Each structure stands twice: as structure tokens, then as C-alpha cells.
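Listing of model.txt, compact mmCIF, C-alpha atoms and all ligand atoms
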# COMPACT_ATOMS: atom_id res chain seq x y z
CA MET G 54 17.55 -44.07 5.90
CA GLU G 55 20.75 -43.14 4.03
CA PRO G 56 23.98 -43.29 6.05
CA ILE G 57 24.66 -39.78 7.36
CA LEU G 58 28.43 -40.07 7.35
CA GLU G 59 30.87 -41.00 4.69
CA ARG G 60 32.27 -44.36 5.78
CA THR G 61 35.58 -43.97 7.64
CA VAL G 62 37.54 -46.08 10.09
CA GLU G 63 39.91 -44.63 12.63
CA VAL G 64 41.27 -45.49 16.05
CA ARG G 65 42.28 -42.72 18.45
CA SER G 66 44.40 -43.43 21.49
CA HIS G 67 44.10 -41.45 24.68
CA LEU G 68 46.34 -43.74 26.66
CA GLY G 69 50.00 -42.79 26.73
CA PRO G 70 52.99 -42.71 29.05
CA ASN G 71 50.87 -40.95 31.67
CA ASP G 72 48.73 -44.04 31.89
CA GLU G 73 51.61 -46.17 33.06
CA ARG G 74 51.42 -43.61 35.86
CA THR G 75 47.87 -44.70 36.51
CA LEU G 76 49.06 -48.25 37.03
CA ALA G 77 51.96 -46.92 39.11
CA ASP G 78 49.61 -44.78 41.23
CA ASP G 79 47.17 -47.68 41.66
CA VAL G 80 49.96 -50.06 42.68
CA LEU G 81 51.46 -47.56 45.11
CA ASP G 82 48.07 -46.79 46.60
CA GLY G 83 46.72 -50.34 46.52
CA LEU G 84 49.73 -52.29 47.81
CA THR G 85 50.26 -50.03 50.79
CA ARG G 86 46.70 -50.42 52.16
CA PRO G 87 45.86 -52.71 55.09
CA LEU G 88 43.78 -54.86 52.68
CA LYS G 89 45.92 -54.82 49.55
CA GLU G 90 43.94 -54.09 46.40
CA LEU G 91 44.35 -53.35 42.67
CA PRO G 92 41.61 -52.15 40.30
CA PRO G 93 40.40 -54.64 37.66
CA LYS G 94 41.06 -52.43 34.63
CA HIS G 95 44.72 -53.53 34.78
CA PHE G 96 43.76 -57.14 33.95
CA TYR G 97 43.26 -56.28 30.31
CA ASP G 98 46.61 -56.38 28.52
CA ALA G 99 46.55 -58.41 25.27
CA LEU G 100 46.76 -61.73 27.15
CA GLY G 101 44.22 -60.63 29.77
CA SER G 102 41.74 -59.69 27.03
CA GLU G 103 42.22 -63.12 25.38
CA LEU G 104 41.72 -64.85 28.71
CA PHE G 105 38.53 -62.87 29.33
CA ASP G 106 37.20 -64.01 25.94
CA ALA G 107 38.00 -67.59 26.95
CA ILE G 108 36.12 -67.11 30.25
CA CYS G 109 33.05 -65.99 28.28
CA GLU G 110 32.98 -69.39 26.55
CA LEU G 111 33.19 -71.44 29.76
CA PRO G 112 30.20 -73.62 30.68
CA GLU G 113 30.10 -72.18 34.22
CA TYR G 114 30.13 -68.58 32.96
CA TYR G 115 26.39 -68.16 32.30
CA GLN G 116 26.65 -64.37 31.99
CA THR G 117 27.76 -64.04 28.36
CA ARG G 118 25.40 -66.53 26.76
CA THR G 119 22.48 -65.24 28.82
CA GLU G 120 23.14 -61.61 27.94
CA ARG G 121 23.44 -62.60 24.27
CA LEU G 122 20.10 -64.42 24.48
CA ILE G 123 18.39 -61.33 25.94
CA LEU G 124 19.88 -59.15 23.21
CA GLU G 125 18.81 -61.57 20.49
CA ARG G 126 15.24 -61.55 21.78
CA HIS G 127 14.95 -57.80 22.14
CA ALA G 128 17.42 -56.13 19.74
CA GLU G 129 14.77 -55.21 17.20
CA ASP G 130 12.55 -53.56 19.83
CA ILE G 131 15.52 -51.78 21.41
CA VAL G 132 16.50 -50.32 18.05
CA ALA G 133 12.93 -49.29 17.26
CA ARG G 134 12.38 -47.70 20.66
CA THR G 135 15.66 -45.78 20.78
CA ALA G 136 15.84 -44.77 17.09
CA ALA G 137 19.60 -44.98 17.57
CA VAL G 138 21.90 -44.25 14.65
CA GLU G 139 25.13 -44.87 16.53
CA LEU G 140 26.45 -47.25 19.17
CA VAL G 141 28.98 -45.91 21.66
CA GLU G 142 30.11 -49.01 23.50
CA LEU G 143 31.95 -48.70 26.80
CA GLY G 144 34.42 -51.49 27.68
CA SER G 145 33.65 -53.07 24.31
CA GLY G 146 36.27 -55.84 24.54
CA SER G 147 35.93 -58.13 21.53
CA ALA G 148 32.29 -57.00 21.14
CA THR G 149 30.90 -60.38 20.13
CA LYS G 150 27.40 -59.60 21.48
CA THR G 151 27.45 -56.13 19.92
CA ARG G 152 26.96 -57.74 16.54
CA VAL G 153 23.37 -58.53 17.56
CA LEU G 154 22.68 -54.80 18.00
CA LEU G 155 24.59 -53.75 14.89
CA ASP G 156 22.67 -56.32 12.83
CA ALA G 157 19.35 -54.99 14.11
CA MET G 158 20.37 -51.39 13.35
CA ALA G 159 21.60 -52.39 9.88
CA GLN G 160 18.33 -54.21 9.31
CA ALA G 161 16.38 -51.10 10.33
CA GLY G 162 18.55 -49.00 8.01
CA THR G 163 19.69 -46.66 10.82
CA LEU G 164 23.28 -47.77 11.39
CA ALA G 165 25.68 -44.86 10.85
CA ARG G 166 28.54 -45.23 13.32
CA TYR G 167 30.10 -47.54 15.90
CA VAL G 168 32.38 -46.15 18.62
CA PRO G 169 34.07 -48.89 20.69
CA VAL G 170 35.85 -47.60 23.81
CA ASP G 171 38.27 -49.82 25.70
CA VAL G 172 41.60 -49.67 27.57
CA SER G 173 42.75 -52.67 25.56
CA ALA G 174 44.37 -51.31 22.37
CA THR G 175 44.53 -54.74 20.75
CA THR G 176 40.79 -55.34 21.05
CA VAL G 177 39.81 -51.84 19.86
CA HIS G 178 41.99 -52.19 16.73
CA ALA G 179 40.77 -55.73 16.06
CA VAL G 180 37.09 -54.80 16.45
CA ALA G 181 37.42 -51.63 14.35
CA ASP G 182 39.04 -53.57 11.48
CA LEU G 183 36.64 -56.48 11.68
CA PHE G 184 33.38 -54.54 11.92
CA ALA G 185 34.31 -51.90 9.35
CA GLY G 186 34.57 -54.68 6.77
CA GLU G 187 31.30 -56.27 7.81
CA TYR G 188 28.93 -53.31 7.88
CA PRO G 189 29.18 -51.31 4.68
CA GLY G 190 28.17 -47.70 5.18
CA MET G 191 29.03 -47.74 8.89
CA SER G 192 31.84 -45.51 10.17
CA VAL G 193 34.00 -46.66 13.06
CA VAL G 194 35.79 -44.39 15.52
CA GLY G 195 37.61 -46.60 18.02
CA LEU G 196 38.84 -45.04 21.26
CA VAL G 197 41.67 -46.61 23.21
CA ALA G 198 40.74 -44.85 26.40
CA ASP G 199 39.81 -45.14 30.06
CA PHE G 200 36.06 -44.67 30.36
CA GLU G 201 36.53 -43.27 33.86
CA ARG G 202 38.73 -40.44 32.60
CA HIS G 203 38.34 -39.90 28.87
CA LEU G 204 34.63 -39.62 28.08
CA ALA G 205 35.15 -35.98 27.09
CA HIS G 206 37.14 -37.27 24.08
CA LEU G 207 34.13 -39.02 22.55
CA PRO G 208 33.27 -37.68 19.09
CA GLU G 209 30.23 -35.40 18.76
CA PRO G 210 27.01 -37.41 18.32
CA VAL G 211 25.76 -37.99 14.77
CA GLY G 212 22.19 -38.59 15.98
CA PRO G 213 20.43 -40.48 18.78
CA ARG G 214 22.89 -42.69 20.61
CA LEU G 215 22.64 -46.10 22.18
CA VAL G 216 25.40 -46.65 24.75
CA PRO G 217 25.87 -50.34 25.52
CA PHE G 218 27.80 -51.10 28.71
CA LEU G 219 27.64 -54.87 28.72
CA GLY G 220 29.16 -57.88 30.43
CA GLY G 221 28.27 -56.77 33.96
CA THR G 222 31.29 -54.42 33.97
CA ILE G 223 29.28 -51.83 35.97
CA GLY G 224 29.44 -54.33 38.86
CA ASN G 225 33.21 -53.77 39.09
CA PHE G 226 32.62 -50.33 40.60
CA PRO G 227 32.05 -50.08 44.35
CA PRO G 228 28.62 -48.52 45.10
CA GLY G 229 29.59 -44.84 45.53
CA THR G 230 31.92 -44.78 42.53
CA ARG G 231 29.30 -46.65 40.51
CA ARG G 232 26.74 -43.90 41.00
CA ARG G 233 29.29 -41.21 40.23
CA PHE G 234 30.27 -43.02 37.04
CA LEU G 235 26.63 -43.47 35.97
CA ARG G 236 26.09 -39.77 36.52
CA SER G 237 29.00 -38.99 34.19
CA LEU G 238 27.16 -40.90 31.44
CA GLY G 239 24.39 -38.29 31.32
CA LYS G 240 26.53 -36.06 29.08
CA VAL G 241 27.38 -39.00 26.82
CA LEU G 242 23.71 -39.91 26.38
CA GLY G 243 22.46 -36.41 25.69
CA PRO G 244 18.72 -35.66 25.64
CA ASP G 245 17.77 -38.40 23.18
CA GLY G 246 20.27 -41.15 24.00
CA TYR G 247 19.81 -44.43 25.88
CA LEU G 248 22.12 -46.46 28.09
CA LEU G 249 21.93 -50.23 27.56
CA LEU G 250 23.28 -51.69 30.77
CA GLY G 251 24.10 -55.37 31.34
CA THR G 252 23.95 -56.45 34.99
CA ASP G 253 24.37 -59.83 36.60
CA LEU G 254 21.52 -60.56 39.04
CA VAL G 255 21.53 -61.79 42.65
CA LYS G 256 20.88 -65.54 42.71
CA GLU G 257 21.96 -68.73 44.48
CA PRO G 258 25.57 -68.12 45.65
CA HIS G 259 26.80 -71.51 44.39
CA VAL G 260 25.82 -70.60 40.81
CA ILE G 261 27.69 -67.30 41.02
CA GLU G 262 30.74 -68.80 42.73
CA ALA G 263 31.02 -71.56 40.11
CA ALA G 264 31.23 -68.91 37.38
CA TYR G 265 34.38 -67.45 39.02
CA ASN G 266 35.96 -70.78 39.98
CA ASP G 267 35.79 -72.62 36.67
CA SER G 268 37.04 -76.18 36.53
CA ALA G 269 39.46 -75.43 33.65
CA GLY G 270 41.24 -72.78 35.76
CA VAL G 271 40.92 -70.02 33.14
CA THR G 272 39.65 -67.44 35.65
CA ALA G 273 42.62 -68.28 37.88
CA GLN G 274 45.00 -67.57 34.98
CA PHE G 275 43.16 -64.33 34.22
CA ASN G 276 43.46 -63.25 37.86
CA LEU G 277 47.15 -64.20 38.16
CA ASN G 278 47.94 -62.39 34.90
CA LEU G 279 47.56 -59.12 36.82
CA LEU G 280 50.82 -59.89 38.63
CA HIS G 281 52.55 -60.49 35.28
CA VAL G 282 51.28 -57.05 34.15
CA VAL G 283 52.76 -55.38 37.24
CA ASN G 284 56.04 -57.32 36.83
CA ARG G 285 56.36 -56.28 33.18
CA GLU G 286 55.15 -52.67 33.38
CA LEU G 287 56.70 -51.63 36.67
CA GLY G 288 59.70 -53.97 36.97
CA ALA G 289 58.20 -55.83 39.93
CA ASP G 290 59.37 -59.29 40.98
CA PHE G 291 56.15 -60.99 42.09
CA ASP G 292 56.69 -64.76 42.20
CA VAL G 293 53.39 -65.47 40.46
CA ASP G 294 53.54 -69.19 41.31
CA GLY G 295 53.47 -68.20 44.99
CA PHE G 296 49.88 -66.89 44.67
CA GLU G 297 46.58 -68.71 44.26
CA HIS G 298 43.23 -67.61 42.88
CA VAL G 299 40.37 -67.04 45.34
CA ALA G 300 36.76 -66.08 44.46
CA PHE G 301 33.84 -65.97 46.88
CA PHE G 302 30.40 -64.41 47.11
CA ASP G 303 30.05 -61.87 49.88
CA ARG G 304 26.44 -62.48 50.92
CA GLU G 305 26.10 -59.24 52.86
CA ARG G 306 27.33 -56.95 50.10
CA GLU G 307 25.99 -59.18 47.34
CA TRP G 308 29.16 -59.08 45.31
CA ILE G 309 31.83 -61.51 44.17
CA GLU G 310 35.34 -60.80 45.31
CA MET G 311 38.32 -62.09 43.42
CA ARG G 312 41.55 -62.16 45.33
CA LEU G 313 45.09 -63.49 45.01
CA ARG G 314 46.36 -65.29 48.10
CA ALA G 315 50.06 -65.65 48.89
CA THR G 316 50.69 -69.32 49.65
CA GLU G 317 53.94 -68.48 51.54
CA PRO G 318 55.37 -65.24 52.89
CA GLN G 319 56.67 -63.19 49.95
CA HIS G 320 58.79 -60.07 49.68
CA VAL G 321 58.11 -58.07 46.51
CA ARG G 322 60.10 -55.20 45.06
CA VAL G 323 58.46 -52.84 42.56
CA ALA G 324 61.51 -51.26 40.92
CA ALA G 325 59.72 -48.41 39.09
CA LEU G 326 58.28 -47.19 42.39
CA ASP G 327 61.22 -48.04 44.60
CA LEU G 328 58.62 -49.86 46.68
CA GLU G 329 59.11 -52.93 48.87
CA VAL G 330 56.00 -54.87 49.89
CA ASP G 331 55.62 -57.88 52.15
CA PHE G 332 52.88 -60.48 51.93
CA ALA G 333 52.34 -62.73 54.94
CA ALA G 334 51.44 -66.38 54.33
CA ARG G 335 47.74 -66.49 53.26
CA GLU G 336 47.58 -62.71 52.92
CA GLU G 337 45.24 -61.67 50.11
CA LEU G 338 45.26 -59.00 47.44
CA ARG G 339 41.77 -58.00 46.24
CA THR G 340 41.69 -57.73 42.45
CA GLU G 341 38.01 -57.38 41.58
CA ILE G 342 34.56 -56.97 43.00
CA SER G 343 31.62 -57.86 40.79
CA ALA G 344 28.36 -56.61 42.24
CA LYS G 345 25.16 -58.53 41.59
CA PHE G 346 21.94 -56.58 41.21
CA THR G 347 18.31 -56.67 42.23
CA PRO G 348 15.79 -54.49 40.36
CA GLU G 349 15.69 -52.21 43.43
CA ARG G 350 19.46 -51.77 43.51
CA LEU G 351 19.57 -51.04 39.80
CA ARG G 352 16.71 -48.52 39.95
CA GLY G 353 18.26 -46.88 43.04
CA ASP G 354 21.68 -46.52 41.42
CA LEU G 355 20.21 -45.10 38.22
CA GLU G 356 17.97 -42.66 40.08
CA ALA G 357 20.85 -41.46 42.25
CA ALA G 358 22.74 -40.78 39.03
CA GLY G 359 19.92 -38.73 37.47
CA LEU G 360 18.87 -41.58 35.15
CA GLU G 361 15.51 -43.23 34.69
CA LEU G 362 15.07 -46.97 34.27
CA VAL G 363 12.95 -47.37 31.14
CA GLU G 364 12.88 -51.13 30.83
CA MET G 365 14.62 -54.09 32.45
CA LEU G 366 14.82 -57.18 30.24
CA THR G 367 15.74 -60.54 31.72
CA ASP G 368 16.01 -64.19 30.66
CA PRO G 369 13.42 -66.77 31.78
CA ASP G 370 15.63 -67.92 34.69
CA GLU G 371 16.33 -64.31 35.75
CA LEU G 372 20.07 -64.84 35.76
CA PHE G 373 21.01 -61.60 34.03
CA ALA G 374 19.40 -58.32 33.00
CA VAL G 375 19.84 -55.86 30.16
CA SER G 376 18.26 -52.50 30.98
CA LEU G 377 17.45 -49.38 29.01
CA ALA G 378 17.88 -46.10 30.85
CA ARG G 379 17.90 -42.43 29.87
CA ILE G 380 18.27 -39.05 31.50
CA ALA G 381 15.43 -38.60 34.00
C1 LIG K 1 34.09 -57.66 31.81
S1 LIG K 1 34.83 -57.21 30.30
C2 LIG K 1 33.39 -57.01 29.25
C3 LIG K 1 33.72 -57.03 27.77
C4 LIG K 1 32.51 -56.97 26.84
N1 LIG K 1 31.80 -55.70 26.97
C5 LIG K 1 31.56 -58.10 27.13
O1 LIG K 1 30.41 -57.83 27.49
O2 LIG K 1 31.97 -59.26 26.97
C6 LIG K 1 35.31 -55.53 30.66
C7 LIG K 1 35.88 -54.75 29.48
O3 LIG K 1 36.02 -53.39 29.88
C8 LIG K 1 37.33 -52.94 29.61
N2 LIG K 1 37.66 -51.98 30.67
C9 LIG K 1 37.80 -52.22 32.01
N3 LIG K 1 38.04 -51.08 32.67
C10 LIG K 1 38.06 -50.10 31.72
C11 LIG K 1 38.23 -48.69 31.80
N4 LIG K 1 38.45 -48.06 32.96
N5 LIG K 1 38.16 -47.97 30.64
C12 LIG K 1 37.94 -48.60 29.44
N6 LIG K 1 37.76 -49.93 29.33
C13 LIG K 1 37.81 -50.67 30.46
C14 LIG K 1 38.22 -54.17 29.60
O4 LIG K 1 39.38 -54.00 28.82
C15 LIG K 1 37.26 -55.23 29.03
O5 LIG K 1 37.31 -55.27 27.63
With the file now loaded, output its structure as C-alpha cells.
Amino acid sequence: MEPILERTVEVRSHLGPNDERTLADDVLDGLTRPLKELPPKHFYDALGSELFDAICELPEYYQTRTERLILERHAEDIVARTAAVELVELGSGSATKTRVLLDAMAQAGTLARYVPVDVSATTVHAVADLFAGEYPGMSVVGLVADFERHLAHLPEPVGPRLVPFLGGTIGNFPPGTRRRFLRSLGKVLGPDGYLLLGTDLVKEPHVIEAAYNDSAGVTAQFNLNLLHVVNRELGADFDVDGFEHVAFFDREREWIEMRLRATEPQHVRVAALDLEVDFAAREELRTEISAKFTPERLRGDLEAAGLELVEMLTDPDELFAVSLARIA
């Protein structure tokens, strides 16, 4: 099939000064709760994105290589089944696994456009530049945007869409918000689009815990970087060395929690908010949940969001799943 667009590359940003407000609102809301908490999207400044890429290469972090393996085995079938001409990737990051899908679409002669969407401006620009050079005939429209707030800014479809949401990022949403978010994807998919959802699966807790407590300490650096972000963006004075990384599997809720624990009492001032916060010794700040899925949980979440699970693809050890879903 001939490319249906003239090849163009552009990056549009929907994050501006108001989005520092989002961090400000999240810090004000999260640091004044009984269990202090900040949402994980604030991890991903330029350094946080680099650290996440380093995590993906760690021996303990089975998720990335397993998801890549599943994609490599099934990309051709996924492309044939969906007849997709464009990829709209949510939380694309450095999109290393996306190449597998783009290659399969290029091979099938259907690849017209790639739309990476991420809060990290550096990664969206880098991916747009890199991929535009590698796939002749493919247009790129990068969106520096928050997928929870800016999906209405996606460009009009150019044909059937495949919407990869990889890396287990869906697990970062608590259950109710997760279903609401999945429901919002219906409009993005349209009548002939497919969601391609990567989910980490429930398994032996020690395997999961090892992935978030790597021996090189990269996940700890990634977690602690959040305090550097708040210090820099909101003029806070967190003593980052006074916090330690904590990650554990909550067996009842079947999710990982990452936290930062104050090793000593600490008084923190957040200048931009005129906010003073106290941490007691050993008090924890929750920075991420990462839900692990069973087929039932996945099907239930999709159904509650008006989506139908079409196929769930896993690796031989059933560590991870990549699922195709569409509007029910
Ligand atoms: C766990 S990483 C996954 C990256 C990549 N998809 C992968 O599979 O390796 C999550 C990605 O989503 C992005 N992200 C997190 N929250 C976001 C939000 N609310 N809107 C847009 N991007 C977000 C982060 O910047 C990061 O690149």
C-alpha cells in the first residue's frame, strides 16, 4: 500500500506553565495526606527517563525483555489482524520495543504514521527524530502531553489505529482510575482501532520484588530522583540523602508499592507552595503502585471500560502479557 500521508515530522507540546501547577497541586494534595503520596508521572524528567531506560536493561527487570520477546513472536500477526496504518503510543518513553511493531508494519507496507505521546519532552523529541530517519514514508506527530488530560489533542486518525500502551504502565493506576482511564481510550481507538496493552502478571512475590530492588541500586536512584524534581521545580529543600528506597509486594492487593522512607525526622519547606511538611523517622512517602494482573483482572477491567479482550499473548513462563482489545 502507498503511504497515505506526505512524510512530515513534528512535535506538539501540550505541557506548559499550567503543568507545573499539576506538580504543585499533586505535591500540595499528596504531602498533606495521612499517608503521603506523589503520582509516578513526576518521575520522568530527563534524568528520570534515562534512569528508567537503565532499569529496563537490568537483569532483575524481566518485564522489558519479556514484553519484547512477546512482540517479536507476534508482531506480524498483530499487524495482519488489526490492519493498522498508524501507531499511537501512550507513554512511549524511548520506544525501543516499538521498533518491533514499526518493522512489522513497514514489512506489511501499511506504515503511515507514528504518534508517540509522553510527558517527557526529551524522549518525544529524541524518538521523533530517530524514527523519522529510519522509516522512510512514515510521518511522525509527537505529542508532549499528559495522557490523562490531553487525549483530545491527538491528531485525527489516518486509518485503523493500533494504540500500544506498553511497559506495564497501566498498572500505575489504582483500580478505579484504571477503569476510567481505559474507558477514555474508546474514543482514541474508534470503531476499527485496537489497544495493545502490556501488563505484568501475578507471580512469585520474590521475583517481582527483585525487579524493584535491583542490586545495582538504579531503581533506588530513579525513586529518589522524584525528590530532586520537587526541589528543582517547586523550590523545596528535601534532604534527598535522608530518604531510602523501599519496594514491596502487597500480596492482598497484588501490586508493588514503591516508597521513600525518611531515615531521620525531616522538616521540608516547599517554597513555591509556602508549605511546611514534617516527616517522622521511618515515615514513608508512596511514589508508585504497579499492579500485577491475572487474566480475570484484565478481562474485568477491560469489560468495565467498555472494551473487549480479543487476545492475550504471554511468554512461556507467563511472566508478562501483551493483550489486544477493542471497543466491545
Ligand atoms: C513505565 S515507563 C514505560 C515506557 C515505555 N512505554 C516502555 O514500555 O518501556 C512509563 C512512561 O510513561 C510516561 N508517562 C507516565 N505518566 C504519563 C502521563 N500521565 N502522560 C504521558 N506520559 C506519561 C513516562 O514518561 C514514561 O516514559
Using all atoms listed in the file, what are the residues with an atom within 8 Å of ligand LIG 1 (chain K), set out as an mmCIF file with C-alpha atoms, in the coordinates of the input?
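And here's out12.cif as it stands now:
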data_model
loop_
_atom_site.group_PDB
_atom_site.id
_atom_site.type_symbol
_atom_site.label_atom_id
_atom_site.label_comp_id
_atom_site.auth_asym_id
_atom_site.auth_seq_id
_atom_site.Cartn_x
_atom_site.Cartn_y
_atom_site.Cartn_z
ATOM 1 C CA PRO G 93 40.400 -54.640 37.660
ATOM 2 C CA LYS G 94 41.060 -52.430 34.630
ATOM 3 C CA HIS G 95 44.720 -53.530 34.780
ATOM 4 C CA PHE G 96 43.760 -57.140 33.950
ATOM 5 C CA TYR G 97 43.260 -56.280 30.310
ATOM 6 C CA ASP G 98 46.610 -56.380 28.520
ATOM 7 C CA SER G 102 41.740 -59.690 27.030
ATOM 8 C CA PHE G 105 38.530 -62.870 29.330
ATOM 9 C CA ASP G 106 37.200 -64.010 25.940
ATOM 10 C CA CYS G 109 33.050 -65.990 28.280
ATOM 11 C CA THR G 117 27.760 -64.040 28.360
ATOM 12 C CA GLU G 142 30.110 -49.010 23.500
ATOM 13 C CA LEU G 143 31.950 -48.700 26.800
ATOM 14 C CA GLY G 144 34.420 -51.490 27.680
ATOM 15 C CA SER G 145 33.650 -53.070 24.310
ATOM 16 C CA GLY G 146 36.270 -55.840 24.540
ATOM 17 C CA SER G 147 35.930 -58.130 21.530
ATOM 18 C CA ALA G 148 32.290 -57.000 21.140
ATOM 19 C CA THR G 149 30.900 -60.380 20.130
ATOM 20 C CA LYS G 150 27.400 -59.600 21.480
ATOM 21 C CA VAL G 170 35.850 -47.600 23.810
ATOM 22 C CA ASP G 171 38.270 -49.820 25.700
ATOM 23 C CA VAL G 172 41.600 -49.670 27.570
ATOM 24 C CA SER G 173 42.750 -52.670 25.560
ATOM 25 C CA THR G 176 40.790 -55.340 21.050
ATOM 26 C CA VAL G 197 41.670 -46.610 23.210
ATOM 27 C CA ALA G 198 40.740 -44.850 26.400
ATOM 28 C CA ASP G 199 39.810 -45.140 30.060
ATOM 29 C CA PHE G 200 36.060 -44.670 30.360
ATOM 30 C CA GLU G 201 36.530 -43.270 33.860
ATOM 31 C CA ARG G 202 38.730 -40.440 32.600
ATOM 32 C CA PHE G 218 27.800 -51.100 28.710
ATOM 33 C CA LEU G 219 27.640 -54.870 28.720
ATOM 34 C CA GLY G 220 29.160 -57.880 30.430
ATOM 35 C CA GLY G 221 28.270 -56.770 33.960
ATOM 36 C CA THR G 222 31.290 -54.420 33.970
ATOM 37 C CA GLY G 251 24.100 -55.370 31.340
#
Give me, as a compact mmCIF listing (two decimals) with C-alpha atoms, in the frame of the given file, all polymer residues having an atom no more than 9 Å from Leu91 in chain G, counting only C-alpha atoms and skipping those fewer than 4 positions away in the same chain.
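Final output, out.txt:
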# COMPACT_ATOMS: atom_id res chain seq x y z
CA LEU G 76 49.06 -48.25 37.03
CA ASP G 79 47.17 -47.68 41.66
CA VAL G 80 49.96 -50.06 42.68
CA ASP G 82 48.07 -46.79 46.60
CA GLY G 83 46.72 -50.34 46.52
CA LEU G 84 49.73 -52.29 47.81
CA HIS G 95 44.72 -53.53 34.78
CA LEU G 279 47.56 -59.12 36.82
CA LEU G 338 45.26 -59.00 47.44
CA ARG G 339 41.77 -58.00 46.24
CA THR G 340 41.69 -57.73 42.45
CA GLU G 341 38.01 -57.38 41.58
Please list as an MDAnalysis selection string every residue within 10 Å of Glu125 in chain G, counting all atoms listed in the file and excluding residues in the same chain fewer than 3 positions away.
chainID G and resid 119:122 128:129 150 152:154 157
List the neighbours of Arg285 in chain G out to 12 Å using all atoms listed in the file; skip same-chain residues closer than 6 positions along the sequence, and give me the result as a PyMOL selection string.
chain G and resi 73+76-77+98+278-279+291+323-325
Select from range 64-172 of chain G every residue with an atom at most 9 Å from any atom of range 265-274 of chain G, then for each give the shortest pair of atoms and their distance in Å to one decimal, using all atoms listed in the file, rows by chain and rising number, as a Markdown table.
| residue | atom | partner | partner_atom | distance |
| --- | --- | --- | --- | --- |
| G:Gly101 | CA | G:Gln274 | CA | 8.7 |
| G:Leu104 | CA | G:Val271 | CA | 6.9 |
| G:Phe105 | CA | G:Thr272 | CA | 7.9 |
| G:Ala107 | CA | G:Val271 | CA | 7.3 |
| G:Ile108 | CA | G:Val271 | CA | 6.3 |
| G:Leu111 | CA | G:Asp267 | CA | 7.5 |
| G:Pro112 | CA | G:Asp267 | CA | 8.3 |
| G:Glu113 | CA | G:Asp267 | CA | 6.2 |
| G:Tyr114 | CA | G:Tyr265 | CA | 7.5 |
For Ala378 in chain G, which residue out of G:Leu196, G:Ala181, G:Val283, G:Leu250 is the nearest one, using only C-alpha atoms?
G:Leu250
Rounded to one decimal place, report the CA of Leu249 in chain G-CA of Leu215 in chain G distance in Å.
6.8 Å
Compile the contact shell of Arg314 in chain G as number ranges by chain: residues with an atom at most 9 Å away, counting all atoms listed in the file, same-chain residues fewer than 2 positions apart removed.
G: 295-299, 312, 316-317, 332, 334-339
Counting all atoms listed in the file, the residue of G:Gly212, G:Gln160, G:Thr230, G:Leu100 that sits nearest Ala133 in chain G
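Of G:Gly212, G:Gln160, G:Thr230, G:Leu100, the one nearest Ala133 in chain G is G:Gln160, counting all atoms listed in the file.
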Would you fill the gaps in range 204-217 of chain G so it has N, CA, C and O atoms, then print it as a PDB file, in the coordinates of the input?
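Dumped to result.pdb:
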ATOM      1  N   LEU G 204      35.905 -39.711  28.810  1.00  0.00           N
ATOM      2  CA  LEU G 204      34.630 -39.620  28.080  1.00  0.00           C
ATOM      3  C   LEU G 204      34.500 -38.290  27.325  1.00  0.00           C
ATOM      4  O   LEU G 204      33.788 -38.206  26.317  1.00  0.00           O
ATOM      5  N   ALA G 205      35.213 -37.272  27.782  1.00  0.00           N
ATOM      6  CA  ALA G 205      35.150 -35.980  27.090  1.00  0.00           C
ATOM      7  C   ALA G 205      35.750 -36.071  25.686  1.00  0.00           C
ATOM      8  O   ALA G 205      35.518 -35.190  24.856  1.00  0.00           O
ATOM      9  N   HIS G 206      36.513 -37.127  25.414  1.00  0.00           N
ATOM     10  CA  HIS G 206      37.140 -37.270  24.080  1.00  0.00           C
ATOM     11  C   HIS G 206      36.235 -37.987  23.079  1.00  0.00           C
ATOM     12  O   HIS G 206      36.647 -38.236  21.947  1.00  0.00           O
ATOM     13  N   LEU G 207      35.032 -38.357  23.505  1.00  0.00           N
ATOM     14  CA  LEU G 207      34.130 -39.020  22.550  1.00  0.00           C
ATOM     15  C   LEU G 207      33.809 -38.058  21.405  1.00  0.00           C
ATOM     16  O   LEU G 207      33.671 -36.853  21.637  1.00  0.00           O
ATOM     17  N   PRO G 208      33.653 -38.580  20.182  1.00  0.00           N
ATOM     18  CA  PRO G 208      33.270 -37.680  19.090  1.00  0.00           C
ATOM     19  C   PRO G 208      31.861 -37.125  19.303  1.00  0.00           C
ATOM     20  O   PRO G 208      31.064 -37.724  20.035  1.00  0.00           O
ATOM     21  N   GLU G 209      31.579 -35.984  18.682  1.00  0.00           N
ATOM     22  CA  GLU G 209      30.230 -35.400  18.760  1.00  0.00           C
ATOM     23  C   GLU G 209      29.206 -36.404  18.236  1.00  0.00           C
ATOM     24  O   GLU G 209      29.496 -37.126  17.273  1.00  0.00           O
ATOM     25  N   PRO G 210      28.019 -36.453  18.808  1.00  0.00           N
ATOM     26  CA  PRO G 210      27.010 -37.410  18.320  1.00  0.00           C
ATOM     27  C   PRO G 210      26.643 -37.128  16.859  1.00  0.00           C
ATOM     28  O   PRO G 210      26.723 -35.987  16.402  1.00  0.00           O
ATOM     29  N   VAL G 211      26.260 -38.183  16.142  1.00  0.00           N
ATOM     30  CA  VAL G 211      25.760 -37.990  14.770  1.00  0.00           C
ATOM     31  C   VAL G 211      24.250 -38.196  14.735  1.00  0.00           C
ATOM     32  O   VAL G 211      23.653 -38.225  13.665  1.00  0.00           O
ATOM     33  N   GLY G 212      23.635 -38.353  15.894  1.00  0.00           N
ATOM     34  CA  GLY G 212      22.190 -38.590  15.980  1.00  0.00           C
ATOM     35  C   GLY G 212      21.935 -39.299  17.292  1.00  0.00           C
ATOM     36  O   GLY G 212      22.840 -39.416  18.133  1.00  0.00           O
ATOM     37  N   PRO G 213      20.719 -39.789  17.521  1.00  0.00           N
ATOM     38  CA  PRO G 213      20.430 -40.480  18.780  1.00  0.00           C
ATOM     39  C   PRO G 213      21.389 -41.645  19.024  1.00  0.00           C
ATOM     40  O   PRO G 213      21.660 -42.427  18.122  1.00  0.00           O
ATOM     41  N   ARG G 214      21.866 -41.703  20.259  1.00  0.00           N
ATOM     42  CA  ARG G 214      22.890 -42.690  20.610  1.00  0.00           C
ATOM     43  C   ARG G 214      22.327 -43.813  21.460  1.00  0.00           C
ATOM     44  O   ARG G 214      21.513 -43.564  22.352  1.00  0.00           O
ATOM     45  N   LEU G 215      22.846 -45.012  21.229  1.00  0.00           N
ATOM     46  CA  LEU G 215      22.640 -46.100  22.180  1.00  0.00           C
ATOM     47  C   LEU G 215      24.022 -46.399  22.750  1.00  0.00           C
ATOM     48  O   LEU G 215      24.992 -46.524  21.996  1.00  0.00           O
ATOM     49  N   VAL G 216      24.100 -46.455  24.089  1.00  0.00           N
ATOM     50  CA  VAL G 216      25.400 -46.650  24.750  1.00  0.00           C
ATOM     51  C   VAL G 216      25.402 -47.980  25.492  1.00  0.00           C
ATOM     52  O   VAL G 216      24.990 -48.058  26.654  1.00  0.00           O
ATOM     53  N   PRO G 217      25.814 -49.062  24.820  1.00  0.00           N
ATOM     54  CA  PRO G 217      25.870 -50.340  25.520  1.00  0.00           C
ATOM     55  C   PRO G 217      27.038 -50.379  26.507  1.00  0.00           C
ATOM     56  O   PRO G 217      28.144 -49.941  26.185  1.00  0.00           O
TER      57      PRO G 217
END
